[in-house]
Amino acid sequence: MAISKQIKEWMKQSSWIRKMFEEGAALKARYGEENVYDFSLGNPDLEPPIIFSEKLKNIVDERQTGKHGYMPNAGYPETRKAVAGYLSQEHQVEISEKQVIMTCGAGGGLNVVLKTLLNPGEEIIMLVPYFVEYLFYVSNHGGSCKLVKTRDDFSLDILEIEKAISLKTKAIIVNSPNNPTGRVYDEGSMRELGELLRKKGSEVGRDIYLISDEPYSKIIYDGIHLPGIFGVYENSILVTSYSKELSIPGERIGFIAVNPKAQPLEDLIEGMVFCNRTLGFVNAPALMQRVIEHLQGITVDVTVYQRRRDLLCENLASFGYRFIKPEGAFYLFPQAPVDDVAFVQELQTKNILTVPGQGFGMPGFFRIAFCVNEEVIKNSLQGFKQVADKYFPY
């Protein structure tokens, strides 16, 4: 076999989104792009804010010695200082640039964190449904995943998390707002989680880390508050990217921020800087670091996503679909009335592309990514209704 057995198996597990993307390309070639309603990928369609292009152009035009050279592996000090200053305001915790590491997006950041933390055989608790790449990130670094289901409304089930903690537990990953559900974990449940990790860490005699993956943290609706993890638990690590809030996923820029109360702080930071280099990232992209230094707190117009959410939710609810209305991100995760793969295939007969819940560890549901033009949503509604009429005849 030309490739490893493990990679072969992983490719099968992670194939759903890729499969729907490929089938979408075939449908578009056959029927025309305007007649295919592709909700498969979480690829933001909004253009970056104008200030992004302006700052990028200014930086490219500047004549500056060493502008494209290596920098400290943690990133430019001035960029990290800007990020730390913004985080300090946002979290009401004094964060230094020394606790910030610029990364190649959130995916790169998560791999850096897991490489730094994990010993072979240690466990990472993952909440179901989950972003499928977490499985592979954990395995990349010798760990194993302990899966814990969330409640029926996709909120945290603290009792189930407690049952999952063992002598092997190294960390838990939370993703809020969540992909694929859009759930935002409220402050009360996050504080309960912090108390639980504090208690269980004391019982097992080791630090248990809270890793918060927050690429959708600025895409939140209805005035809902996203609690800052630094205020709820000491051994917490924030990983995020600018992919969604600035609509620049292809630029691969994000950061890790370590709670200044985390232990052992210096070892954690030095380990992550080392892993940032030795995993092959070396450093985050230089130009993007220069740009985002000036864009702290800047986002795309989130009201556009909210309008799309409301348009989709109001119509699908009227057709009989059942779902928890998302509080953030740009995903809807309805129940499938039959096997989720079969239902997604039924939608595909109407040229509607979605992803079965099996791809997120949650059979019986399917994901709709509504980061698409509003016209795509409007034009898809007839197809959604026709399928609903077949399965929801009341």
# chains A, B, ... in the order shown; residues from 1 in each chain; ligands from 1
call {"tool": "select_by_dssp", "arguments": {"residues": "segment 171-274 of chain A", "states": "alpha helix (DSSP H)", "output": "MDAnalysis selection string"}}
result
chainID A and resid 187:204 265:274
call {"tool": "closest_atom_pairs", "arguments": {"of": "segment 179-200 of chain A", "to": "segment 343-358 of chain A", "cutoff": "12 Å", "atoms": "only C-alpha atoms", "output": "Markdown table"}}
result
| residue | atom | partner | partner_atom | distance |
| --- | --- | --- | --- | --- |
| A:Asn179 | CA | A:Gly357 | CA | 11.3 |
| A:Pro180 | CA | A:Gly357 | CA | 8.7 |
| A:Thr181 | CA | A:Gly357 | CA | 10.3 |
call {"tool": "residues_around", "arguments": {"residues": "segment 161-175 of chain A", "least_positions_apart": "4", "cutoff": "8 Å", "atoms": "only C-alpha atoms", "output": "number ranges by chain"}}
result
A: 117-118, 121-127, 146, 148, 157, 179, 196, 200, 204, 207-214
call {"tool": "atom_distance", "arguments": {"atom1": "atom CA of Asn73 of chain A", "atom2": "atom CA of Gly108 of chain A"}}
result
13.3 Å
call {"tool": "residues_around", "arguments": {"residues": "segment 134-138 of chain A", "least_positions_apart": "6", "cutoff": "7 Å", "atoms": "only C-alpha atoms", "output": "mmCIF file with N, CA and C atoms, in the first residue's frame"}}
result
data_model
loop_
_atom_site.group_PDB
_atom_site.id
_atom_site.type_symbol
_atom_site.label_atom_id
_atom_site.label_comp_id
_atom_site.auth_asym_id
_atom_site.auth_seq_id
_atom_site.Cartn_x
_atom_site.Cartn_y
_atom_site.Cartn_z
ATOM 1 N N ASN A 111 -3.013 22.200 16.714
ATOM 2 C CA ASN A 111 -1.954 21.197 16.615
ATOM 3 C C ASN A 111 -0.760 21.561 17.482
ATOM 4 N N LEU A 114 -1.826 20.811 21.184
ATOM 5 C CA LEU A 114 -1.903 19.380 21.466
ATOM 6 C C LEU A 114 -0.528 18.727 21.446
ATOM 7 N N SER A 144 -5.655 10.157 22.493
ATOM 8 C CA SER A 144 -6.905 9.504 22.105
ATOM 9 C C SER A 144 -8.061 10.390 22.533
ATOM 10 N N CYS A 145 -9.196 10.213 21.873
ATOM 11 C CA CYS A 145 -10.365 11.058 22.132
ATOM 12 C C CYS A 145 -11.376 10.321 22.993
#
call {"tool": "residues_around", "arguments": {"residues": "Tyr331 of chain A", "least_positions_apart": "6", "cutoff": "9 Å", "atoms": "only C-alpha atoms", "output": "PDB file with N, CA and C atoms, in the first residue's frame"}}
result
ATOM      1  N   GLY A  42     -18.216  25.507   5.046  1.00  0.00           N
ATOM      2  CA  GLY A  42     -18.220  26.697   5.899  1.00  0.00           C
ATOM      3  C   GLY A  42     -17.207  27.721   5.403  1.00  0.00           C
ATOM      4  N   ASN A 178     -20.519  26.927  18.275  1.00  0.00           N
ATOM      5  CA  ASN A 178     -20.150  25.586  17.869  1.00  0.00           C
ATOM      6  C   ASN A 178     -20.367  25.337  16.378  1.00  0.00           C
ATOM      7  N   ASN A 179     -19.442  24.613  15.801  1.00  0.00           N
ATOM      8  CA  ASN A 179     -19.604  24.027  14.476  1.00  0.00           C
ATOM      9  C   ASN A 179     -19.768  22.528  14.705  1.00  0.00           C
ATOM     10  N   PRO A 180     -20.971  21.952  14.471  1.00  0.00           N
ATOM     11  CA  PRO A 180     -21.965  22.368  13.480  1.00  0.00           C
ATOM     12  C   PRO A 180     -23.265  22.974  14.018  1.00  0.00           C
ATOM     13  N   THR A 181     -23.434  23.165  15.336  1.00  0.00           N
ATOM     14  CA  THR A 181     -24.769  23.464  15.881  1.00  0.00           C
ATOM     15  C   THR A 181     -25.087  24.945  16.019  1.00  0.00           C
ATOM     16  N   GLY A 182     -24.056  25.800  16.088  1.00  0.00           N
ATOM     17  CA  GLY A 182     -24.304  27.211  16.351  1.00  0.00           C
ATOM     18  C   GLY A 182     -24.583  27.518  17.809  1.00  0.00           C
ATOM     19  N   ARG A 309     -29.708  33.591   8.583  1.00  0.00           N
ATOM     20  CA  ARG A 309     -30.178  32.620   9.564  1.00  0.00           C
ATOM     21  C   ARG A 309     -31.678  32.712   9.724  1.00  0.00           C
ATOM     22  N   ARG A 367     -26.129  19.121   8.440  1.00  0.00           N
ATOM     23  CA  ARG A 367     -25.660  20.499   8.593  1.00  0.00           C
ATOM     24  C   ARG A 367     -25.901  21.318   7.331  1.00  0.00           C
ATOM     25  N   ILE A 368     -26.395  22.532   7.554  1.00  0.00           N
ATOM     26  CA  ILE A 368     -26.577  23.513   6.489  1.00  0.00           C
ATOM     27  C   ILE A 368     -25.661  24.694   6.799  1.00  0.00           C
ATOM     28  N   ALA A 369     -24.722  24.994   5.912  1.00  0.00           N
ATOM     29  CA  ALA A 369     -23.842  26.153   6.082  1.00  0.00           C
ATOM     30  C   ALA A 369     -24.457  27.320   5.318  1.00  0.00           C
ATOM     31  N   PHE A 370     -24.959  28.310   6.060  1.00  0.00           N
ATOM     32  CA  PHE A 370     -25.674  29.404   5.399  1.00  0.00           C
ATOM     33  C   PHE A 370     -24.790  30.627   5.129  1.00  0.00           C
ATOM     34  N   CYS A 371     -23.493  30.400   4.982  1.00  0.00           N
ATOM     35  CA  CYS A 371     -22.586  31.476   4.576  1.00  0.00           C
ATOM     36  C   CYS A 371     -22.573  31.556   3.053  1.00  0.00           C
TER      37      CYS A 371
END
call {"tool": "closest_atom_pairs", "arguments": {"of": "segment 84-157 of chain A", "to": "segment 252-266 of chain A", "cutoff": "10 Å", "atoms": "only C-alpha atoms", "output": "JSON lines"}}
result
{"residue": "A:Ala84", "atom": "CA", "partner": "A:Ala257", "partner_atom": "CA", "distance": 8.1}
{"residue": "A:Leu87", "atom": "CA", "partner": "A:Ala257", "partner_atom": "CA", "distance": 8.7}
{"residue": "A:Val93", "atom": "CA", "partner": "A:Pro260", "partner_atom": "CA", "distance": 8.4}
{"residue": "A:Glu94", "atom": "CA", "partner": "A:Pro260", "partner_atom": "CA", "distance": 7.7}
{"residue": "A:Ile95", "atom": "CA", "partner": "A:Pro260", "partner_atom": "CA", "distance": 6.4}
{"residue": "A:Ser96", "atom": "CA", "partner": "A:Pro260", "partner_atom": "CA", "distance": 8.0}
{"residue": "A:Glu97", "atom": "CA", "partner": "A:Ala257", "partner_atom": "CA", "distance": 8.9}
{"residue": "A:Lys98", "atom": "CA", "partner": "A:Ala257", "partner_atom": "CA", "distance": 9.1}
{"residue": "A:Gln99", "atom": "CA", "partner": "A:Val258", "partner_atom": "CA", "distance": 5.3}
{"residue": "A:Val100", "atom": "CA", "partner": "A:Ala257", "partner_atom": "CA", "distance": 4.6}
{"residue": "A:Ile101", "atom": "CA", "partner": "A:Ile256", "partner_atom": "CA", "distance": 5.1}
{"residue": "A:Met102", "atom": "CA", "partner": "A:Phe255", "partner_atom": "CA", "distance": 4.2}
{"residue": "A:Thr103", "atom": "CA", "partner": "A:Phe255", "partner_atom": "CA", "distance": 4.8}
{"residue": "A:Cys104", "atom": "CA", "partner": "A:Arg252", "partner_atom": "CA", "distance": 4.8}
{"residue": "A:Gly105", "atom": "CA", "partner": "A:Gly254", "partner_atom": "CA", "distance": 4.1}
{"residue": "A:Ala106", "atom": "CA", "partner": "A:Gly254", "partner_atom": "CA", "distance": 5.6}
{"residue": "A:Gly107", "atom": "CA", "partner": "A:Arg252", "partner_atom": "CA", "distance": 8.7}
{"residue": "A:Gly108", "atom": "CA", "partner": "A:Gly254", "partner_atom": "CA", "distance": 8.3}
{"residue": "A:Gly109", "atom": "CA", "partner": "A:Ile256", "partner_atom": "CA", "distance": 6.0}
{"residue": "A:Leu110", "atom": "CA", "partner": "A:Ile256", "partner_atom": "CA", "distance": 8.2}
{"residue": "A:Val112", "atom": "CA", "partner": "A:Ile256", "partner_atom": "CA", "distance": 8.8}
{"residue": "A:Val113", "atom": "CA", "partner": "A:Ile256", "partner_atom": "CA", "distance": 8.1}
call {"tool": "write_last_selection", "arguments": {"atoms": "C-alpha atoms", "output": "CSV table (one decimal), in the first residue's frame"}}
result
chain,number,residue,atom,x,y,z
A,84,ALA,CA,-2.8,41.0,24.0
A,87,LEU,CA,-7.7,40.4,24.7
A,93,VAL,CA,-7.7,40.0,32.5
A,94,GLU,CA,-4.2,41.5,32.1
A,95,ILE,CA,-2.6,39.5,29.3
A,96,SER,CA,1.0,40.2,28.1
A,97,GLU,CA,2.3,39.7,24.6
A,98,LYS,CA,4.5,37.0,26.1
A,99,GLN,CA,1.3,34.9,26.5
A,100,VAL,CA,0.3,35.2,22.8
A,101,ILE,CA,1.7,33.1,20.0
A,102,MET,CA,0.7,33.9,16.4
A,103,THR,CA,-0.2,30.8,14.4
A,104,CYS,CA,-1.2,29.5,11.0
A,105,GLY,CA,-4.9,29.7,11.7
A,106,ALA,CA,-6.8,27.9,14.4
A,107,GLY,CA,-6.0,24.5,12.9
A,108,GLY,CA,-2.3,25.2,13.2
A,109,GLY,CA,-2.8,26.6,16.7
A,110,LEU,CA,-4.7,23.5,17.9
A,112,VAL,CA,0.7,23.3,18.4
A,113,VAL,CA,-1.3,23.1,21.7
call {"tool": "residues_around", "arguments": {"residues": "segment 310-321 of chain A", "least_positions_apart": "4", "cutoff": "12 Å", "atoms": "only C-alpha atoms", "output": "PyMOL selection string"}}
result
chain A and resi 39+221-222+303-306+325-328+330-337+365-366+368-394
call {"tool": "write_last_selection", "arguments": {"atoms": "C-alpha atoms", "output": "compact mmCIF listing (two decimals), in the first residue's frame"}}
result
# COMPACT_ATOMS: atom_id res chain seq x y z
CA PHE A 39 -24.63 24.59 1.70
CA TYR A 221 -26.61 36.88 17.27
CA ASP A 222 -29.40 38.41 19.32
CA THR A 303 -26.11 41.25 10.62
CA VAL A 304 -25.86 39.79 7.11
CA TYR A 305 -25.41 36.32 8.55
CA GLN A 306 -28.20 36.93 11.04
CA LYS A 325 -31.99 27.96 16.36
CA PRO A 326 -28.27 28.77 16.16
CA GLU A 327 -26.98 31.50 18.47
CA GLY A 328 -23.75 32.02 16.55
CA PHE A 330 -23.24 30.24 10.30
CA TYR A 331 -24.54 26.68 10.59
CA LEU A 332 -27.97 25.15 11.11
CA PHE A 333 -28.14 21.53 12.35
CA PRO A 334 -31.67 20.16 11.85
CA GLN A 335 -32.91 16.68 12.65
CA ALA A 336 -33.23 14.29 9.73
CA PRO A 337 -36.60 12.48 9.71
CA PHE A 365 -28.97 15.28 11.83
CA PHE A 366 -27.59 17.24 8.89
CA ILE A 368 -26.58 23.51 6.49
CA ALA A 369 -23.84 26.15 6.08
CA PHE A 370 -25.67 29.40 5.40
CA CYS A 371 -22.59 31.48 4.58
CA VAL A 372 -23.94 31.81 1.04
CA ASN A 373 -25.63 34.55 -0.94
CA GLU A 374 -29.20 35.25 0.18
CA GLU A 375 -30.46 34.40 -3.30
CA VAL A 376 -29.10 30.86 -2.92
CA ILE A 377 -31.20 30.46 0.24
CA LYS A 378 -34.32 31.90 -1.40
CA ASN A 379 -33.97 29.76 -4.52
CA SER A 380 -33.41 26.60 -2.47
CA LEU A 381 -36.59 26.97 -0.40
CA GLN A 382 -38.88 25.28 -2.92
CA GLY A 383 -36.65 22.22 -2.92
CA PHE A 384 -36.50 22.14 0.90
CA LYS A 385 -40.30 22.33 0.95
CA GLN A 386 -40.78 19.58 -1.62
CA VAL A 387 -38.62 17.22 0.41
CA ALA A 388 -40.37 18.29 3.62
CA ASP A 389 -43.78 17.56 2.08
CA LYS A 390 -42.63 13.99 1.52
CA TYR A 391 -41.52 13.46 5.13
CA PHE A 392 -43.61 15.97 7.11
CA PRO A 393 -47.09 15.54 5.58
CA TYR A 394 -48.91 17.27 8.44
call {"tool": "atom_distance", "arguments": {"atom1": "atom CA of Glu62 of chain A", "atom2": "atom CA of Leu46 of chain A"}}
result
27.4 Å
call {"tool": "closest_residue", "arguments": {"among": "A:Arg30, A:Glu293, A:Ala284, A:Ser139", "to": "Ile7 of chain A", "atoms": "only C-alpha atoms"}}
result
A:Ser139
call {"tool": "closest_residue", "arguments": {"among": "A:Asn235, A:Gln92, A:Asn43, A:Ser155", "to": "Met190 of chain A", "atoms": "only C-alpha atoms"}}
result
A:Ser155
call {"tool": "residues_around", "arguments": {"residues": "Gly69 of chain A", "least_positions_apart": "4", "cutoff": "12 Å", "atoms": "only C-alpha atoms", "output": "number ranges by chain"}}
result
A: 64-65, 73, 75-76, 282-287
call {"tool": "atom_distance", "arguments": {"atom1": "atom CA of Gly223 of chain A", "atom2": "atom CA of His91 of chain A"}}
result
17.1 Å
